[in-house]
Amino acid sequence: MCASCVDRLFGGGPGTCPVAGCGARLRAAKFRKQTFDDIAVEREVDVRKRVAKIFNKREDEFATKLEWDDYLEMVEATTFDIVNGSKKEREAAERLLREYEEANKQAIDRNAQREKAEAMAFLAREEAEKEVVRAAREAAVMETEEEKRETLMSRRAQLEAMSKGDLEAVERIKAGFAKRAEERRRKARLDVENAKGIREGRELALNSFLAKAGKEEGEEEEEEEWEPLGKGVDDKSTYFELLEEYPKNEWIDDFMSLPQVAAGGYSRTEWYQRSLHEAFSGLTVFLGEEEEEEAEEEKKGRQRERSMPDRTDIMIVDPVS
């Protein structure tokens with residue numbers, strides 16, 4: 001349908017399709033410029049886009065590769081029935097499409113958000129890469145221009161110093177020029193590193209956004225319990241167990257009643273734990289067993305020395321025989 005007919009029939013609002021027997025309600029905003037010369041190909045592309053928006057599951061949502069292949073086959077069969085099927089097959093495929101959309105609306109919306117987030121992440125990564133390249137190019141251009149200007153000024157200053165016969169001034173000018181050149185290169189590297197840091201920060205934020213976009217509504221991320229001494233490391237002793245209360249002790253009670261002690265956050269429980277730890281800390285050390293092990297090692301060492309041949313027996317050669 002030409003643009004003039006679209007404006008004439010649907011410019012004032014939605015209207016009925018002019019094709020006899022169609023009866024569909026159409027809007028001017030739904031019309032677009034034809035991409036392919038063959039109208040059948042154009043229609044199939046539109047159908048595939050519409051089906052893909054509804055059947056938008058991903059391979060990672062299936063337990064096995066076979067289930068994923070069966071899903072793809074079902075999507076392709078539905079698309080084929082809509083494009084090339086008979087009237088009954090088209091109606092059945094459209095009904096299946098509507099029923100699936102109604103039953104899986106939350107999953108469809110979640111995957112659509114995930115796809116949108118991935119597209120945004122891709123564009124952001126491209127933009128970050130361009131930013132890094134742009135920063136490196138600008139830094140290189142700035143460094144080149146600054147170096148040319150510094151070189152010209154340095155040569156003039158050196159010639160002026162040489163005309164006066166001040167060789168020390170010439171060396172100072174050369175050293176200052178080298179120092180400024182190194183500072184320019186350092187600043188250029190810093191600009192590039194800053195651009196890379198911004199890119200990495202954006203990637204972390206986008207990855208977090210993608211992870212949230214792929215989660216179901218109401219699903220919360222499981223946080224791993226933090227262990228201060230390391231995973232699987234426990235400071236509980238196997239020799240004693242700390243009780244919640246102990247018999248009263250006048251010394252500790254008087255000490256805990258002091259304002260300067262209470263203000264510093266001194267804990268009675270920590271004092272008990274430290275006292276028990278110091279009392280039981282030497283139970284795993286057995287001096288007798290260590291002495292026996294040392295004696296055994298020394299004995300084995302002497303036996304190894306006796307078993308080795310004397311080097312003098314090997315090196316002496318009888319010249320008479």
# chains A, B, ... in the order shown; residues from 1 in each chain; ligands from 1
>>> residues_around(residues="segment 266-277 of chain A", least_positions_apart="2", cutoff="12 Å", atoms="only C-alpha atoms", output="PyMOL selection string")
chain A and resi 235-249+251-264+279-283
>>> residues_around(residues="Asp191 of chain A", least_positions_apart="4", cutoff="12 Å", atoms="only C-alpha atoms", output="PDB file with N, CA and C atoms, in the first residue's frame")
ATOM      1  N   GLU A 131      36.102   5.182  23.828  1.00  0.00           N
ATOM      2  CA  GLU A 131      36.629   6.179  24.757  1.00  0.00           C
ATOM      3  C   GLU A 131      38.108   5.928  25.049  1.00  0.00           C
ATOM      4  N   VAL A 132      38.476   4.651  25.208  1.00  0.00           N
ATOM      5  CA  VAL A 132      39.877   4.317  25.451  1.00  0.00           C
ATOM      6  C   VAL A 132      40.735   4.680  24.246  1.00  0.00           C
ATOM      7  N   VAL A 133      40.243   4.336  23.054  1.00  0.00           N
ATOM      8  CA  VAL A 133      40.992   4.657  21.830  1.00  0.00           C
ATOM      9  C   VAL A 133      41.115   6.169  21.659  1.00  0.00           C
ATOM     10  N   ARG A 134      40.015   6.882  21.927  1.00  0.00           N
ATOM     11  CA  ARG A 134      40.038   8.343  21.789  1.00  0.00           C
ATOM     12  C   ARG A 134      41.024   8.964  22.774  1.00  0.00           C
ATOM     13  N   ALA A 135      41.016   8.464  24.035  1.00  0.00           N
ATOM     14  CA  ALA A 135      41.942   9.005  25.032  1.00  0.00           C
ATOM     15  C   ALA A 135      43.393   8.735  24.645  1.00  0.00           C
ATOM     16  N   ALA A 136      43.655   7.538  24.125  1.00  0.00           N
ATOM     17  CA  ALA A 136      45.021   7.217  23.706  1.00  0.00           C
ATOM     18  C   ALA A 136      45.453   8.081  22.524  1.00  0.00           C
ATOM     19  N   ARG A 137      44.523   8.298  21.570  1.00  0.00           N
ATOM     20  CA  ARG A 137      44.855   9.122  20.399  1.00  0.00           C
ATOM     21  C   ARG A 137      45.102  10.574  20.805  1.00  0.00           C
ATOM     22  N   GLU A 138      44.229  11.120  21.664  1.00  0.00           N
ATOM     23  CA  GLU A 138      44.415  12.495  22.110  1.00  0.00           C
ATOM     24  C   GLU A 138      45.700  12.653  22.908  1.00  0.00           C
ATOM     25  N   ALA A 139      46.003  11.638  23.740  1.00  0.00           N
ATOM     26  CA  ALA A 139      47.236  11.710  24.517  1.00  0.00           C
ATOM     27  C   ALA A 139      48.459  11.677  23.610  1.00  0.00           C
ATOM     28  N   ALA A 140      48.404  10.845  22.555  1.00  0.00           N
ATOM     29  CA  ALA A 140      49.529  10.768  21.626  1.00  0.00           C
ATOM     30  C   ALA A 140      49.712  12.078  20.866  1.00  0.00           C
ATOM     31  N   MET A 142      48.671  15.097  21.807  1.00  0.00           N
ATOM     32  CA  MET A 142      49.118  16.130  22.741  1.00  0.00           C
ATOM     33  C   MET A 142      50.594  15.974  23.076  1.00  0.00           C
ATOM     34  N   GLU A 143      51.007  14.727  23.272  1.00  0.00           N
ATOM     35  CA  GLU A 143      52.409  14.480  23.586  1.00  0.00           C
ATOM     36  C   GLU A 143      53.309  14.887  22.424  1.00  0.00           C
ATOM     37  N   ARG A 184      55.474  14.008  30.563  1.00  0.00           N
ATOM     38  CA  ARG A 184      54.404  13.976  29.564  1.00  0.00           C
ATOM     39  C   ARG A 184      53.985  12.542  29.251  1.00  0.00           C
ATOM     40  N   ARG A 185      54.979  11.655  29.107  1.00  0.00           N
ATOM     41  CA  ARG A 185      54.651  10.250  28.826  1.00  0.00           C
ATOM     42  C   ARG A 185      53.906   9.616  29.995  1.00  0.00           C
ATOM     43  N   ARG A 186      54.310   9.988  31.208  1.00  0.00           N
ATOM     44  CA  ARG A 186      53.619   9.448  32.382  1.00  0.00           C
ATOM     45  C   ARG A 186      52.178   9.918  32.437  1.00  0.00           C
ATOM     46  N   LYS A 187      51.950  11.195  32.123  1.00  0.00           N
ATOM     47  CA  LYS A 187      50.585  11.729  32.122  1.00  0.00           C
ATOM     48  C   LYS A 187      49.736  11.074  31.029  1.00  0.00           C
ATOM     49  N   ALA A 195      40.971   5.922  31.500  1.00  0.00           N
ATOM     50  CA  ALA A 195      39.916   5.520  30.566  1.00  0.00           C
ATOM     51  C   ALA A 195      39.633   4.029  30.676  1.00  0.00           C
ATOM     52  N   LYS A 196      40.686   3.219  30.845  1.00  0.00           N
ATOM     53  CA  LYS A 196      40.485   1.780  31.019  1.00  0.00           C
ATOM     54  C   LYS A 196      39.759   1.480  32.322  1.00  0.00           C
ATOM     55  N   GLY A 197      40.089   2.235  33.383  1.00  0.00           N
ATOM     56  CA  GLY A 197      39.401   2.034  34.654  1.00  0.00           C
ATOM     57  C   GLY A 197      37.922   2.352  34.560  1.00  0.00           C
ATOM     58  N   ILE A 198      37.603   3.434  33.837  1.00  0.00           N
ATOM     59  CA  ILE A 198      36.188   3.773  33.634  1.00  0.00           C
ATOM     60  C   ILE A 198      35.486   2.668  32.863  1.00  0.00           C
TER      61      ILE A 198
END
>>> residues_around(residues="segment 62-79 of chain A", least_positions_apart="6", cutoff="12 Å", atoms="only C-alpha atoms", output="list of chain:residue names")
A:Arg43, A:Glu44, A:Val45, A:Asp46, A:Val47, A:Arg48, A:Lys49, A:Arg50, A:Val51, A:Ala52, A:Lys53, A:Ile54, A:Phe55, A:Asn56, A:Gly85, A:Glu89, A:Arg90, A:Glu91, A:Ala92, A:Ala93, A:Glu94, A:Arg95, A:Leu96, A:Leu97, A:Arg98, A:Tyr100
>>> write_last_selection(atoms="N, CA and C atoms", output="compact mmCIF listing (two decimals), in the first residue's frame")
# COMPACT_ATOMS: atom_id res chain seq x y z
N ARG A 43 6.73 -10.58 4.54
CA ARG A 43 5.73 -11.09 5.50
C ARG A 43 6.34 -12.14 6.43
N GLU A 44 7.18 -13.01 5.87
CA GLU A 44 7.81 -14.04 6.71
C GLU A 44 8.73 -13.42 7.75
N VAL A 45 9.46 -12.37 7.36
CA VAL A 45 10.33 -11.68 8.32
C VAL A 45 9.52 -11.08 9.46
N ASP A 46 8.38 -10.47 9.13
CA ASP A 46 7.51 -9.90 10.17
C ASP A 46 6.99 -10.98 11.11
N VAL A 47 6.58 -12.12 10.53
CA VAL A 47 6.06 -13.21 11.35
C VAL A 47 7.16 -13.74 12.28
N ARG A 48 8.36 -13.92 11.75
CA ARG A 48 9.46 -14.45 12.57
C ARG A 48 9.82 -13.49 13.70
N LYS A 49 9.77 -12.20 13.45
CA LYS A 49 10.03 -11.22 14.52
C LYS A 49 8.97 -11.32 15.61
N ARG A 50 7.69 -11.46 15.19
CA ARG A 50 6.60 -11.54 16.17
C ARG A 50 6.69 -12.83 16.99
N VAL A 51 7.03 -13.94 16.35
CA VAL A 51 7.15 -15.21 17.06
C VAL A 51 8.36 -15.19 17.99
N ALA A 52 9.47 -14.58 17.54
CA ALA A 52 10.68 -14.54 18.36
C ALA A 52 10.48 -13.71 19.63
N LYS A 53 9.59 -12.70 19.59
CA LYS A 53 9.33 -11.91 20.79
C LYS A 53 8.58 -12.71 21.85
N ILE A 54 7.84 -13.72 21.42
CA ILE A 54 7.08 -14.54 22.36
C ILE A 54 7.87 -15.77 22.78
N PHE A 55 8.40 -16.51 21.81
CA PHE A 55 9.24 -17.66 22.11
C PHE A 55 10.69 -17.18 22.25
N ASN A 56 11.00 -16.57 23.38
CA ASN A 56 12.32 -15.96 23.58
C ASN A 56 13.13 -16.65 24.68
N GLY A 85 1.15 -22.42 6.20
CA GLY A 85 0.13 -23.41 6.47
C GLY A 85 -1.22 -23.05 5.90
N GLU A 89 -4.38 -24.59 9.93
CA GLU A 89 -3.07 -24.65 10.58
C GLU A 89 -2.65 -23.28 11.09
N ARG A 90 -2.95 -22.23 10.32
CA ARG A 90 -2.63 -20.89 10.79
C ARG A 90 -3.41 -20.53 12.04
N GLU A 91 -4.68 -20.87 12.06
CA GLU A 91 -5.49 -20.58 13.24
C GLU A 91 -4.98 -21.34 14.46
N ALA A 92 -4.60 -22.60 14.26
CA ALA A 92 -4.07 -23.39 15.38
C ALA A 92 -2.74 -22.81 15.88
N ALA A 93 -1.88 -22.40 14.96
CA ALA A 93 -0.59 -21.81 15.35
C ALA A 93 -0.79 -20.49 16.08
N GLU A 94 -1.71 -19.65 15.60
CA GLU A 94 -1.99 -18.38 16.27
C GLU A 94 -2.57 -18.61 17.66
N ARG A 95 -3.45 -19.62 17.79
CA ARG A 95 -4.01 -19.95 19.09
C ARG A 95 -2.92 -20.43 20.06
N LEU A 96 -1.99 -21.27 19.56
CA LEU A 96 -0.87 -21.73 20.38
C LEU A 96 -0.01 -20.56 20.82
N LEU A 97 0.18 -19.61 19.92
CA LEU A 97 0.99 -18.43 20.24
C LEU A 97 0.35 -17.61 21.34
N ARG A 98 -0.97 -17.41 21.25
CA ARG A 98 -1.67 -16.62 22.27
C ARG A 98 -1.67 -17.34 23.62
N TYR A 100 0.46 -19.58 24.73
CA TYR A 100 1.81 -19.59 25.31
C TYR A 100 2.16 -18.22 25.90
>>> residues_around(residues="segment 156-163 of chain A", least_positions_apart="3", cutoff="12 Å", atoms="only C-alpha atoms", output="PDB file with N, CA, C and O atoms, in the first residue's frame")
ATOM      1  N   ARG A 149      57.133  21.410  20.641  1.00  0.00           N
ATOM      2  CA  ARG A 149      57.313  22.737  21.229  1.00  0.00           C
ATOM      3  C   ARG A 149      58.476  22.760  22.220  1.00  0.00           C
ATOM      4  O   ARG A 149      59.300  23.688  22.222  1.00  0.00           O
ATOM      5  N   GLU A 150      58.563  21.729  23.043  1.00  0.00           N
ATOM      6  CA  GLU A 150      59.648  21.647  24.017  1.00  0.00           C
ATOM      7  C   GLU A 150      61.002  21.501  23.318  1.00  0.00           C
ATOM      8  O   GLU A 150      62.004  22.082  23.758  1.00  0.00           O
ATOM      9  N   THR A 151      61.023  20.722  22.240  1.00  0.00           N
ATOM     10  CA  THR A 151      62.292  20.537  21.509  1.00  0.00           C
ATOM     11  C   THR A 151      62.784  21.856  20.938  1.00  0.00           C
ATOM     12  O   THR A 151      63.980  22.196  21.015  1.00  0.00           O
ATOM     13  N   LEU A 152      61.850  22.614  20.340  1.00  0.00           N
ATOM     14  CA  LEU A 152      62.230  23.905  19.771  1.00  0.00           C
ATOM     15  C   LEU A 152      62.734  24.861  20.851  1.00  0.00           C
ATOM     16  O   LEU A 152      63.775  25.522  20.689  1.00  0.00           O
ATOM     17  N   MET A 153      62.027  24.924  21.978  1.00  0.00           N
ATOM     18  CA  MET A 153      62.446  25.814  23.063  1.00  0.00           C
ATOM     19  C   MET A 153      63.771  25.367  23.658  1.00  0.00           C
ATOM     20  O   MET A 153      64.632  26.191  23.989  1.00  0.00           O
ATOM     21  N   ASP A 166      78.416  28.744  28.391  1.00  0.00           N
ATOM     22  CA  ASP A 166      77.988  28.098  29.645  1.00  0.00           C
ATOM     23  C   ASP A 166      77.573  26.658  29.335  1.00  0.00           C
ATOM     24  O   ASP A 166      76.409  26.376  29.026  1.00  0.00           O
ATOM     25  N   LEU A 167      78.544  25.737  29.409  1.00  0.00           N
ATOM     26  CA  LEU A 167      78.253  24.334  29.111  1.00  0.00           C
ATOM     27  C   LEU A 167      77.404  23.669  30.191  1.00  0.00           C
ATOM     28  O   LEU A 167      76.616  22.759  29.911  1.00  0.00           O
ATOM     29  N   GLU A 168      77.558  24.111  31.425  1.00  0.00           N
ATOM     30  CA  GLU A 168      76.744  23.550  32.506  1.00  0.00           C
ATOM     31  C   GLU A 168      75.266  23.867  32.290  1.00  0.00           C
ATOM     32  O   GLU A 168      74.377  23.046  32.547  1.00  0.00           O
ATOM     33  N   ALA A 169      74.999  25.067  31.811  1.00  0.00           N
ATOM     34  CA  ALA A 169      73.606  25.430  31.527  1.00  0.00           C
ATOM     35  C   ALA A 169      73.038  24.565  30.414  1.00  0.00           C
ATOM     36  O   ALA A 169      71.859  24.182  30.430  1.00  0.00           O
ATOM     37  N   VAL A 170      73.856  24.208  29.441  1.00  0.00           N
ATOM     38  CA  VAL A 170      73.399  23.336  28.355  1.00  0.00           C
ATOM     39  C   VAL A 170      72.977  21.977  28.904  1.00  0.00           C
ATOM     40  O   VAL A 170      71.930  21.421  28.524  1.00  0.00           O
ATOM     41  N   GLU A 171      73.817  21.434  29.793  1.00  0.00           N
ATOM     42  CA  GLU A 171      73.487  20.130  30.384  1.00  0.00           C
ATOM     43  C   GLU A 171      72.226  20.211  31.229  1.00  0.00           C
ATOM     44  O   GLU A 171      71.400  19.287  31.230  1.00  0.00           O
ATOM     45  N   ARG A 172      72.044  21.315  31.959  1.00  0.00           N
ATOM     46  CA  ARG A 172      70.833  21.479  32.764  1.00  0.00           C
ATOM     47  C   ARG A 172      69.598  21.561  31.873  1.00  0.00           C
ATOM     48  O   ARG A 172      68.546  21.017  32.195  1.00  0.00           O
ATOM     49  N   ILE A 173      69.720  22.246  30.740  1.00  0.00           N
ATOM     50  CA  ILE A 173      68.586  22.354  29.808  1.00  0.00           C
ATOM     51  C   ILE A 173      68.227  20.993  29.250  1.00  0.00           C
ATOM     52  O   ILE A 173      67.055  20.624  29.137  1.00  0.00           O
ATOM     53  N   LYS A 174      69.250  20.190  28.890  1.00  0.00           N
ATOM     54  CA  LYS A 174      69.003  18.844  28.378  1.00  0.00           C
ATOM     55  C   LYS A 174      68.318  17.975  29.430  1.00  0.00           C
ATOM     56  O   LYS A 174      67.373  17.233  29.132  1.00  0.00           O
ATOM     57  N   ALA A 175      68.797  18.061  30.679  1.00  0.00           N
ATOM     58  CA  ALA A 175      68.200  17.261  31.751  1.00  0.00           C
ATOM     59  C   ALA A 175      66.758  17.677  32.015  1.00  0.00           C
ATOM     60  O   ALA A 175      65.876  16.843  32.224  1.00  0.00           O
ATOM     61  N   GLY A 176      66.492  18.995  31.981  1.00  0.00           N
ATOM     62  CA  GLY A 176      65.123  19.466  32.180  1.00  0.00           C
ATOM     63  C   GLY A 176      64.199  19.025  31.066  1.00  0.00           C
ATOM     64  O   GLY A 176      63.044  18.651  31.308  1.00  0.00           O
ATOM     65  N   PHE A 177      64.730  19.041  29.836  1.00  0.00           N
ATOM     66  CA  PHE A 177      63.923  18.581  28.699  1.00  0.00           C
ATOM     67  C   PHE A 177      63.573  17.103  28.836  1.00  0.00           C
ATOM     68  O   PHE A 177      62.427  16.693  28.591  1.00  0.00           O
TER      69      PHE A 177
END
>>> atom_distance(atom1="atom CA of Asp37 of chain A", atom2="atom CA of Gly13 of chain A")
28.3 Å
>>> atom_distance(atom1="atom CA of Ser86 of chain A", atom2="atom CA of Lys30 of chain A")
25.3 Å
>>> closest_residue(among="A:Val83, A:Phe31, A:Glu278, A:Gly15", to="Met1 of chain A", atoms="only C-alpha atoms")
A:Phe31
>>> atom_distance(atom1="atom CA of Glu126 of chain A", atom2="atom CA of Asp109 of chain A")
25.8 Å
>>> closest_residue(among="A:Lys179, A:Gly301, A:Ala20, A:Lys57", to="Ala112 of chain A", atoms="only C-alpha atoms")
A:Lys57
>>> select_by_dssp(residues="segment 3-218 of chain A", states="alpha helix (DSSP H)", output="ChimeraX atom specification")
/A:3-10,39-54,65-84,87-103,105-163,167-213
>>> closest_residue(among="A:Met120, A:Ala295, A:Cys2, A:Ala178", to="Gln34 of chain A", atoms="only C-alpha atoms")
A:Cys2
>>> residues_around(residues="Asn111 of chain A", least_positions_apart="3", cutoff="7 Å", atoms="only C-alpha atoms", output="PyMOL selection string")
chain A and resi 56-57+107-108+114-115+214
>>> write_last_selection(atoms="C-alpha atoms", output="mmCIF file, in the first residue's frame")
data_model
loop_
_atom_site.group_PDB
_atom_site.id
_atom_site.type_symbol
_atom_site.label_atom_id
_atom_site.label_comp_id
_atom_site.auth_asym_id
_atom_site.auth_seq_id
_atom_site.Cartn_x
_atom_site.Cartn_y
_atom_site.Cartn_z
ATOM 1 C CA ASN A 56 12.321 -15.964 23.579
ATOM 2 C CA LYS A 57 13.678 -18.660 25.870
ATOM 3 C CA ALA A 107 9.170 -15.286 31.700
ATOM 4 C CA ILE A 108 8.738 -13.539 28.338
ATOM 5 C CA ARG A 114 17.536 -9.413 29.700
ATOM 6 C CA GLU A 115 17.902 -9.072 25.930
ATOM 7 C CA GLY A 214 18.078 -12.522 34.333
#
>>> closest_residue(among="A:Cys17, A:Asn104, A:Leu123, A:Lys148", to="Ala181 of chain A", atoms="only C-alpha atoms")
A:Lys148
